[in-house]
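Trainee: Structure below; questions to follow.
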Amino acid sequence: MTLPASLDEAVAALAAMPATVPVAGGTDLMASVNAGLLRPAALVGLGRINEIRGWQYQDGHALLGAGLTHARMGRPDFAALIPALAAAARAAGPPQIRNAGTLGGNIATAAPTGDALPVLAALEAVLVIHGPGGSRREIPVSYLLAGREMLRPGELIGFVRVPLLHAPQVFLKATGRTGPGRAVASVGLVLDPARRGVRCAIGAVAPMPLRPLEAEQWVASLIDWDGERTLAPEALEAFGEYVAAACVPDQGEPVAPGVLHLRRTVAVLARRALGRALTS
Amino acid sequence: MSGHDAATATTTVSVSAGASASAAPEAGEQEVPRGIGASVPAADTRAKSEGTFPYAADLWAEGLLWAAVLRSPHAHARILSIDTSAAAAMPGVRAVVTHADVPGATTHGRRVADRPVFAHDVVRHHGEPIAAVAADHPDTARLAAAAIAVEYELLDAVTDPEQSFGAAPLHPDGNLIRHIPLRYGDPEATGEVVVEGLYRIGRQDPAPIGAEAGLAVPRPDGGVEIYTASTDPHLDRDLAAACFGLEPDRVRVVVTGVPGATADREDAAFQLPLGLLALRTGYPVKLAATREESFLGHTHRHPTLLRYRHHADAEGRLVKVEAQILMDAGAYADSSSESLAAAVAFACGPYVVPHAFVEGWAVRTNNPPSGHVRGEGAMQVCAAYEGQMDKLAAALGIDGAELRLRNVLATGDLLPTGQTVTCPAPVAELLRAVRDFELPSLPKDTPEDEWLLPGGPEGAGEPGAVRRGVGYGVGMVHMLGAEGTDEVSTATVKVVDGSATVICAAVDTGQGFATLARQIVQETLGVEEVVTAPVDTDQPPAGPAAHGRHTWVSGGAVERAAKMVRTQLLQPMAHKLGMSTELLQIQDGRITSYDGAFSTTVAEAMAGKELWATAQCRPHPTEPLDGDGQGDAFVGLAFCAIRAVVDVDIELGSVRVVELAVAQDVGRILNPRQLEARIEAGVTQGVGAALTENLRSVSGLVRHPDLTGYALPTSLDAPVVRIVKLVEERDVVAPFGAKAASAIPVVTTPAAVASAVRAATGRPVNRLPIRPSAAVAAPNS
């Protein structure tokens with residue numbers, strides 16, 4: 001176990017020994033180790049790298065450190081910047097998990113139920129990847145989640161660049177319980193008044209967050225961006241149905257009851273998310 | 001004392017955490033509560049909350065080896081060969097044992113010895129033990145267990161209990177474990193209103209937070225000592241001795257650090273590999289189950305399918321109940337026979353039913369094994385008969401509570417088993433108490449930032465889609481073993497120089513027996529200092545910790561022993577004074593004669609003396625149910641009524657239990673604080689069974705055996721529990737008149753929650769746990 005103090009040191013440590021595994025909060029990794037599913041030859045702890053534990057501003061964007069914990073992202077100052085990500089962070093589990101689990105870990109684990117992922121997908125976040133020898137490259141988060149791009153050996157997610165939209169954003173998830181739980185379905189929805197866009201991603205229903213692009217464009221065209229920004233209840237309802245039909249496809253007739261319920265859940269979440277974004 | 005009064009004034013409704021915190025600063029100055037009826041704190045509370053309590057997983061012995069168990073990855077398969085050579089050859093591996101290494105009986109079981117120690121010809125459920133390894137490191141042991149090569153021929157798994165009847169026998173004993181046909185009254189009787197229902201109850205797991213763990217230490221005499229958190233040490237010892245081929249006195253089970261139990265803990269299936277490896281290697285061997293092993297290894301609540309037809313007259317009085325109850329026992333019998341007896345006997349609930357025809361079956365399948373879990377049998381039928389009462393109320397247009405009140409059982413009525421209810425049965429009083437209790441305020445009447453909507457804080461809940469529902473559940477449960485089980489317990493009380501020790505093999509599983517034993521001795525002998533000795537099988541048997549039996553029989557034995565010590569203490573004084581011991585009383589640490597002429601302190605009277613007494617308590621006998629399901633099978637009954645208030649997001653189907661108002665028949669309150677804790681714990685376990693707890697299996701394979709996949713209630717899921725009324729009508733045959741308190745809230749809560757969800761959504765809600773898709777409703781319904 002090495003504990004580097006900077007990203008460059010961490011990348012060097014990873015490159016020095018190919019079987020080394022990086023660990024941040026460890027909320028997923030250590031569970032695998034404890035269950036005997038993973039026996040890393042060595043670990044590189046990312047907890048002492050201060051440069052990735054906060055965020056900075058960069059021409060209309062926020063550059064979020066991958067080591068930001070869910071607890072930190074849940075606080076009001078962060079919520080004022082990126083409300084949907086803060087809401088996802090607050091919903092991401094019990095306090096013990098939120099204190100340890102990090103933004104970068106959520107992306108690297110890429111669990112279908114990762115709460116930050118639909119928000120990052122809706123924000124069209126870009127990952128800043130640090131590699132050996134000071135190399136940098138940027139890839140959209142959805143490319144990594146879809147497997148179009150992979151982290152190469154020795155690479156680490158250093159930062160996540162998200163646009164500051166200065167408009168309402170919503171994250172909602174359905175868990176089937178009152179206490180913290182895994183999402184059955186979740187939605188991240190952001191308004192982008194500058195580009196006159198609504199962007200939305202559905203989490204937990206597929207291996208990666210799904211973007212219902214047609215539904216987004218359709219509903220964005222209905223909104224009076226210079227005026228009240230309100231929609232009739234029927235339009236909200238139709239948006240929900242549109243999103244659900246796009247994200248929970250038919251798997252032949254008759255539709256299984258489970259699929260029907262999931263589709264209904266997605267429709268309700270999307271409708272509520274848009275409704276809240278437009279009224280707040 | 002004024003501080004104390006101020007503290008109690010704030011706690012008139014129930015003892016809340018806030019109130020106890022405010023009372024705490026004065027605790028040092030206050031008298032420590034003692035005796036029966038006082039809130040004596042449990043002795044291990046501090047150690048448990050500070051993390052210093054030694055649980056079984058913390059056990060250590062010099063030079064110990066670590067065990068790992070190889071478990072079946074299949075639900076049903078024939079074992080063609082087992083090759084342990086690769087495992088045995090691994091460095092650090094000290095022993096590998098399979099069925100061939102079991103020196104004594106190769107099968108065991110609580111009632112019927114039908115479960116192999118290690119599977120050898122077939123595996124009958126996912127997770128069945130096949131072999132065990134002892135090695136000098138836990139990882140080595142696990143790797144070696146994984147290196148055992150087992151060749152399987154897959155067999156069709158019988159996972160639908162309805163298919164079990166016609167399937168090829170899964171076991172030499174056949175697929176039908178027990179069938180009880182109950183016939184009571186006239187089969188031709190019919191009512192003016194008939195309602196039918198089909199109910200499915202899921203597989204609740206006891207999910208102990210402390211997973212199974214234990215240590216076996218070989219003895220120089222060829223025997224073995226097993227240190228573990230057993231809940232029935234003597235039975236475990238007997239089973240272990242039989243399988244090890246040893247006399248029972250060569251095996252000693254020592255109960256250590258029980259991390260709470262609502263079911264059988266660390267049963268023989270867990271202890272046998274441990275003991276075998278210790279005997280084989282000659283070294284201490286430790287086994288600490290992973291969470292996954294824990295879920296796979298221990299028994300669960302019986303998944304049950306229930307089909308009901310209720311007949312009633314136009315006023316809603318029950319005429320006839322017809323029911324079919326099918327319990328999925330899993331691969332082995334375990335306690336299924338008792339669970340089925342409870343299910344059949346209580347199939348009609350705490351209601352007067354003139355005619356009842358119930359058929360119950362417990363059948364073998366390749367699903368995860370079922371066994372004793374608090375409220376077994378009674379909980380499954382309660383969800384069904386209360387569902388039927390709701391249906392009847394809807395069909396007749398009568399309020400649910402009113403319909404129930406027209407049918408409730410009382411002392412002197414007959415159960416459908418023909419047994420007369422002789423104990424107090426204040427069912428009507430309980431139901432009225434919860435019905436008349438003030439309803440909690442609606443979210444709209446409280447500040448918006450205090451709302452807790454279904455889905456939780458930060459959840460997706462939307463006030464416009466939330467519907468509130470109020471429902472009722474009335475339940476009953478039996479106490480002590482049924483159908484002729486010999487429920488004897490033995491206890492010894494020893495007093496040396498004014499400090500007392502209770503020696504009794506009754507395991508405190510968190511139900512509070514150790515505290516109760518101290519209270520009894522304090523009350524009877526007036527001594528302050530009472531300790532309960534650690535439990536092991538060198539002590540006389542006290543039986544399993546189940547069905548509230550330790551409060552009854554072990555508490556009774558402690559009281560008798562304490563009274564015998566009292567007589568020994570007072571006899572010489574009484575003789576000197578020329579009066580009988582009955583004319584001397586012990587109170588507030590003083591011994592006083594009836595006329596007040598003689599008075600001394602207990603401490604003085606006991607100085608230099610050593611007094612011992614041992615006594616037994618055995619309740620009046622019961623009889624097995626006969627071929628028509630008739631017989632006086634139960635020693636005592638306890639009742640409970642619960643009113644549930646739920647909020648349902650009818651678009652997402654998420655349910656939040658807002659409040660549960662509980663009225664319970666407790667006989668007598670022995671320790672108010674502990675009683676409240678038991679009720680709150682039981683209710684919470686019931687909320688889990690109602691909403692989230694279901695150990696899923698697909699084709700007999702357990703899915704998600706972890707605490708993320710198996711959702712236990714968290715503090716946000718647990719509702720506000722209002723203990724509205726505790727009816728204290730003493731049960732004259734019970735030693736203190738007290739009734740079992742823990743199981744009955746578990747039995748009744750799921751029925752009450754389901755009833756409330758029905759009221760909120762208009763949906764039938766005939767399946768537990770209630771899935772969100774079953775609680776979705778159209779906005780106008």
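By order of appearance in the structure tokens: chains A, B, ..., then residues from 1 within every chain, and ligands from 1 in the order shown.
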Which polymer residues have any atom within 7 Å of an atom of Ile180 (chain B), counting only C-alpha atoms, with same-chain residues fewer than 6 positions away left out, as a list of chain:residue names?
Mentor: B:Glu359, B:Gly360, B:Trp361, B:Gly629
Trainee: Find the residues of chain B that sit at most 10 Å from chain A; for each, write down the nearest two atoms and how far apart they are in Å, to one decimal. Count only C-alpha atoms. Sort by chain, then by number going up, and give it as a tab-separated table.
Mentor:
residue	atom	partner	partner_atom	distance
B:Asp139	CA	A:Gly36	CA	8.3
B:Arg142	CA	A:Gly36	CA	8.7
B:Leu143	CA	A:Gly36	CA	9.4
B:Thr290	CA	A:Ala35	CA	7.7
B:Arg291	CA	A:Ala35	CA	8.8
B:Glu292	CA	A:Ala35	CA	8.6
B:Leu452	CA	A:Thr178	CA	8.6
B:Leu453	CA	A:Thr178	CA	8.0
B:Pro454	CA	A:Thr178	CA	5.8
B:Gly455	CA	A:Thr178	CA	4.5
B:Gly456	CA	A:Thr178	CA	4.1
B:Pro457	CA	A:Thr178	CA	7.7
B:Glu458	CA	A:Ala91	CA	6.1
B:Gly459	CA	A:Lys173	CA	6.1
B:Ala460	CA	A:Leu172	CA	5.1
B:Gly461	CA	A:Ala174	CA	8.6
B:Glu462	CA	A:Arg272	CA	7.9
B:Glu651	CA	A:Val268	CA	6.8
B:Leu652	CA	A:Thr265	CA	5.7
B:Gly653	CA	A:Gly176	CA	7.6
B:Ser654	CA	A:Gly176	CA	5.3
B:Val655	CA	A:Arg177	CA	6.9
B:Arg656	CA	A:Thr178	CA	6.3
B:Val657	CA	A:Thr178	CA	9.0
B:Leu691	CA	A:Arg177	CA	7.8
B:Thr692	CA	A:Arg177	CA	7.4
B:Thr708	CA	A:Gly181	CA	7.5
B:Gly709	CA	A:Arg182	CA	8.4
B:Ala711	CA	A:Gly181	CA	7.9
B:Leu712	CA	A:Gly179	CA	9.5
B:Pro713	CA	A:Gly179	CA	7.4
B:Thr714	CA	A:Gly179	CA	5.7
B:Ser715	CA	A:Gly179	CA	7.2
B:Leu716	CA	A:Gly179	CA	4.8
B:Asp717	CA	A:Thr178	CA	5.2
B:Ala718	CA	A:Gly179	CA	8.8
B:Ile770	CA	A:Gly176	CA	9.8
B:Arg771	CA	A:Gly176	CA	7.7
B:Pro772	CA	A:Gly176	CA	6.2
B:Ser773	CA	A:His261	CA	5.9
B:Ala774	CA	A:His261	CA	9.5
B:Val776	CA	A:His261	CA	8.9
Trainee: Can those selected residues be exported to a file as a PDB file, in the first residue's frame so that it contains C-alpha atoms?
Mentor:
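The resulting result26.pdb:
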ATOM      1  CA  ASP B 139      -7.584 -17.552   3.435  1.00  0.00           C
ATOM      2  CA  ARG B 142     -11.109 -20.898   1.964  1.00  0.00           C
ATOM      3  CA  LEU B 143      -8.801 -21.542  -0.947  1.00  0.00           C
ATOM      4  CA  THR B 290     -19.235 -14.609   6.093  1.00  0.00           C
ATOM      5  CA  ARG B 291     -22.490 -12.785   5.510  1.00  0.00           C
ATOM      6  CA  GLU B 292     -23.131 -14.910   2.441  1.00  0.00           C
ATOM      7  CA  LEU B 452     -41.039  12.433   5.480  1.00  0.00           C
ATOM      8  CA  LEU B 453     -42.692  11.105   2.350  1.00  0.00           C
ATOM      9  CA  PRO B 454     -42.580   7.519   1.041  1.00  0.00           C
ATOM     10  CA  GLY B 455     -39.221   7.120  -0.654  1.00  0.00           C
ATOM     11  CA  GLY B 456     -37.478   8.912   2.181  1.00  0.00           C
ATOM     12  CA  PRO B 457     -35.595  12.184   2.476  1.00  0.00           C
ATOM     13  CA  GLU B 458     -34.221  13.250  -0.936  1.00  0.00           C
ATOM     14  CA  GLY B 459     -36.601  10.686  -2.369  1.00  0.00           C
ATOM     15  CA  ALA B 460     -38.924  11.027  -5.290  1.00  0.00           C
ATOM     16  CA  GLY B 461     -42.076  11.315  -3.194  1.00  0.00           C
ATOM     17  CA  GLU B 462     -44.602  13.930  -4.259  1.00  0.00           C
ATOM     18  CA  GLU B 651     -47.696   6.326  -8.605  1.00  0.00           C
ATOM     19  CA  LEU B 652     -44.446   4.684  -7.539  1.00  0.00           C
ATOM     20  CA  GLY B 653     -45.947   2.242  -5.069  1.00  0.00           C
ATOM     21  CA  SER B 654     -43.534   3.221  -2.330  1.00  0.00           C
ATOM     22  CA  VAL B 655     -44.886   2.720   1.165  1.00  0.00           C
ATOM     23  CA  ARG B 656     -43.893   4.424   4.378  1.00  0.00           C
ATOM     24  CA  VAL B 657     -45.280   3.146   7.652  1.00  0.00           C
ATOM     25  CA  LEU B 691     -42.267  -4.319   3.089  1.00  0.00           C
ATOM     26  CA  THR B 692     -38.736  -5.375   2.226  1.00  0.00           C
ATOM     27  CA  THR B 708     -27.687  -4.657   0.361  1.00  0.00           C
ATOM     28  CA  GLY B 709     -29.817  -7.179  -1.498  1.00  0.00           C
ATOM     29  CA  ALA B 711     -33.135  -4.973   2.928  1.00  0.00           C
ATOM     30  CA  LEU B 712     -33.522  -4.877   6.699  1.00  0.00           C
ATOM     31  CA  PRO B 713     -35.449  -1.900   8.077  1.00  0.00           C
ATOM     32  CA  THR B 714     -33.236   1.073   8.869  1.00  0.00           C
ATOM     33  CA  SER B 715     -34.127   3.791  11.341  1.00  0.00           C
ATOM     34  CA  LEU B 716     -35.862   5.638   8.501  1.00  0.00           C
ATOM     35  CA  ASP B 717     -37.991   2.594   7.630  1.00  0.00           C
ATOM     36  CA  ALA B 718     -38.966   1.940  11.235  1.00  0.00           C
ATOM     37  CA  ILE B 770     -45.632  -5.841  -0.402  1.00  0.00           C
ATOM     38  CA  ARG B 771     -43.887  -5.013  -3.661  1.00  0.00           C
ATOM     39  CA  PRO B 772     -44.163  -1.472  -5.020  1.00  0.00           C
ATOM     40  CA  SER B 773     -46.012  -2.788  -8.078  1.00  0.00           C
ATOM     41  CA  ALA B 774     -48.741  -4.090  -5.740  1.00  0.00           C
ATOM     42  CA  VAL B 776     -49.630   1.349  -7.322  1.00  0.00           C
TER      43      VAL B 776
END
Trainee: Could you pull out the strand (DSSP E or B) residues of region 44-134 of chain A from DSSP and send them as a list of chain:residue names?
Mentor: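 Written out, the strand (DSSP E or B) residues of region 44-134 of chain A are A:Val44, A:Gly45, A:Trp55, A:Gln56, A:Tyr57, A:Gln58, A:His61, A:Ala62, A:Leu63, A:Leu64, A:Gly65, A:Thr69, A:Thr102, A:Val126, A:Leu127, A:Val128, A:Ile129, A:His130, A:Gly131.
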Trainee: Keeping only N, CA and C atoms, take the residues you just selected and write them out as an mmCIF file, in the first residue's frame.
Mentor:
data_model
loop_
_atom_site.group_PDB
_atom_site.id
_atom_site.type_symbol
_atom_site.label_atom_id
_atom_site.label_comp_id
_atom_site.auth_asym_id
_atom_site.auth_seq_id
_atom_site.Cartn_x
_atom_site.Cartn_y
_atom_site.Cartn_z
ATOM 1 N N VAL A 44 -2.756 1.374 -4.209
ATOM 2 C CA VAL A 44 -2.333 2.770 -4.160
ATOM 3 C C VAL A 44 -3.507 3.555 -3.575
ATOM 4 N N GLY A 45 -3.307 4.084 -2.375
ATOM 5 C CA GLY A 45 -4.381 4.832 -1.726
ATOM 6 C C GLY A 45 -4.424 6.256 -2.261
ATOM 7 N N TRP A 55 -12.672 21.432 -5.656
ATOM 8 C CA TRP A 55 -12.992 21.760 -7.049
ATOM 9 C C TRP A 55 -12.493 23.154 -7.370
ATOM 10 N N GLN A 56 -12.381 23.444 -8.646
ATOM 11 C CA GLN A 56 -11.980 24.774 -9.095
ATOM 12 C C GLN A 56 -12.845 25.182 -10.283
ATOM 13 N N TYR A 57 -12.818 26.480 -10.594
ATOM 14 C CA TYR A 57 -13.631 26.977 -11.697
ATOM 15 C C TYR A 57 -12.764 27.178 -12.921
ATOM 16 N N GLN A 58 -13.335 26.911 -14.076
ATOM 17 C CA GLN A 58 -12.570 26.989 -15.315
ATOM 18 C C GLN A 58 -13.548 27.372 -16.423
ATOM 19 N N HIS A 61 -17.096 26.299 -16.293
ATOM 20 C CA HIS A 61 -17.210 24.914 -15.850
ATOM 21 C C HIS A 61 -16.659 24.782 -14.434
ATOM 22 N N ALA A 62 -17.033 23.694 -13.801
ATOM 23 C CA ALA A 62 -16.388 23.336 -12.540
ATOM 24 C C ALA A 62 -15.536 22.118 -12.813
ATOM 25 N N LEU A 63 -14.315 22.160 -12.297
ATOM 26 C CA LEU A 63 -13.419 21.014 -12.429
ATOM 27 C C LEU A 63 -13.432 20.301 -11.072
ATOM 28 N N LEU A 64 -14.181 19.214 -11.030
ATOM 29 C CA LEU A 64 -14.398 18.524 -9.750
ATOM 30 C C LEU A 64 -13.314 17.481 -9.548
ATOM 31 N N GLY A 65 -12.702 17.498 -8.360
ATOM 32 C CA GLY A 65 -11.706 16.483 -8.056
ATOM 33 C C GLY A 65 -12.375 15.121 -7.921
ATOM 34 N N THR A 69 -15.804 13.493 -1.771
ATOM 35 C CA THR A 69 -16.686 12.469 -1.197
ATOM 36 C C THR A 69 -18.141 12.865 -1.424
ATOM 37 N N THR A 102 -16.387 8.159 -3.117
ATOM 38 C CA THR A 102 -15.987 9.355 -3.865
ATOM 39 C C THR A 102 -16.641 9.400 -5.245
ATOM 40 N N VAL A 126 -17.197 15.616 -18.644
ATOM 41 C CA VAL A 126 -15.996 15.128 -19.329
ATOM 42 C C VAL A 126 -14.967 14.740 -18.272
ATOM 43 N N LEU A 127 -14.355 13.578 -18.453
ATOM 44 C CA LEU A 127 -13.367 13.109 -17.486
ATOM 45 C C LEU A 127 -11.983 13.546 -17.929
ATOM 46 N N VAL A 128 -11.221 14.058 -16.970
ATOM 47 C CA VAL A 128 -9.827 14.392 -17.247
ATOM 48 C C VAL A 128 -8.988 13.254 -16.687
ATOM 49 N N ILE A 129 -8.356 12.517 -17.607
ATOM 50 C CA ILE A 129 -7.639 11.308 -17.227
ATOM 51 C C ILE A 129 -6.144 11.611 -17.180
ATOM 52 N N HIS A 130 -5.549 11.258 -16.036
ATOM 53 C CA HIS A 130 -4.106 11.438 -15.899
ATOM 54 C C HIS A 130 -3.408 10.115 -16.162
ATOM 55 N N GLY A 131 -2.368 10.175 -16.995
ATOM 56 C CA GLY A 131 -1.649 8.951 -17.331
ATOM 57 C C GLY A 131 -0.174 9.075 -17.052
#
Trainee: Would you list the contacts of Val133 (chain B) as a ChimeraX atom specification, taking every protein, DNA or RNA residue within 9 Å and counting only C-alpha atoms, but skipping same-chain residues closer than 5 positions in sequence?
Mentor: /B:66-70,87-88,93-97,141-142,144-145,273,277
Trainee: Considering only C-alpha atoms, return as a list in words whatever protein or nucleic-acid residues lie within 8 Å of Val150 (chain B), sequence-local ones (same chain, fewer than 5 positions apart) excluded.
Mentor: Ile79, Leu80, Ser81, Ile82 and Asp83 of chain B
Trainee: Using the chain letters and numbers from this document, which residues of region 664-739 of chain B does DSSP assign to helix (DSSP H, G or I), as a PyMOL selection string?
Mentor: chain B and resi 672-691
Trainee: Find the residue from B:Ala752, B:Glu623, B:Asp328, B:Ser742 that sits nearest to Ala401 (chain B); use only C-alpha atoms when measuring.
Mentor: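 Ranked by minimum distance to Ala401 (chain B), first place goes to B:Ala752.
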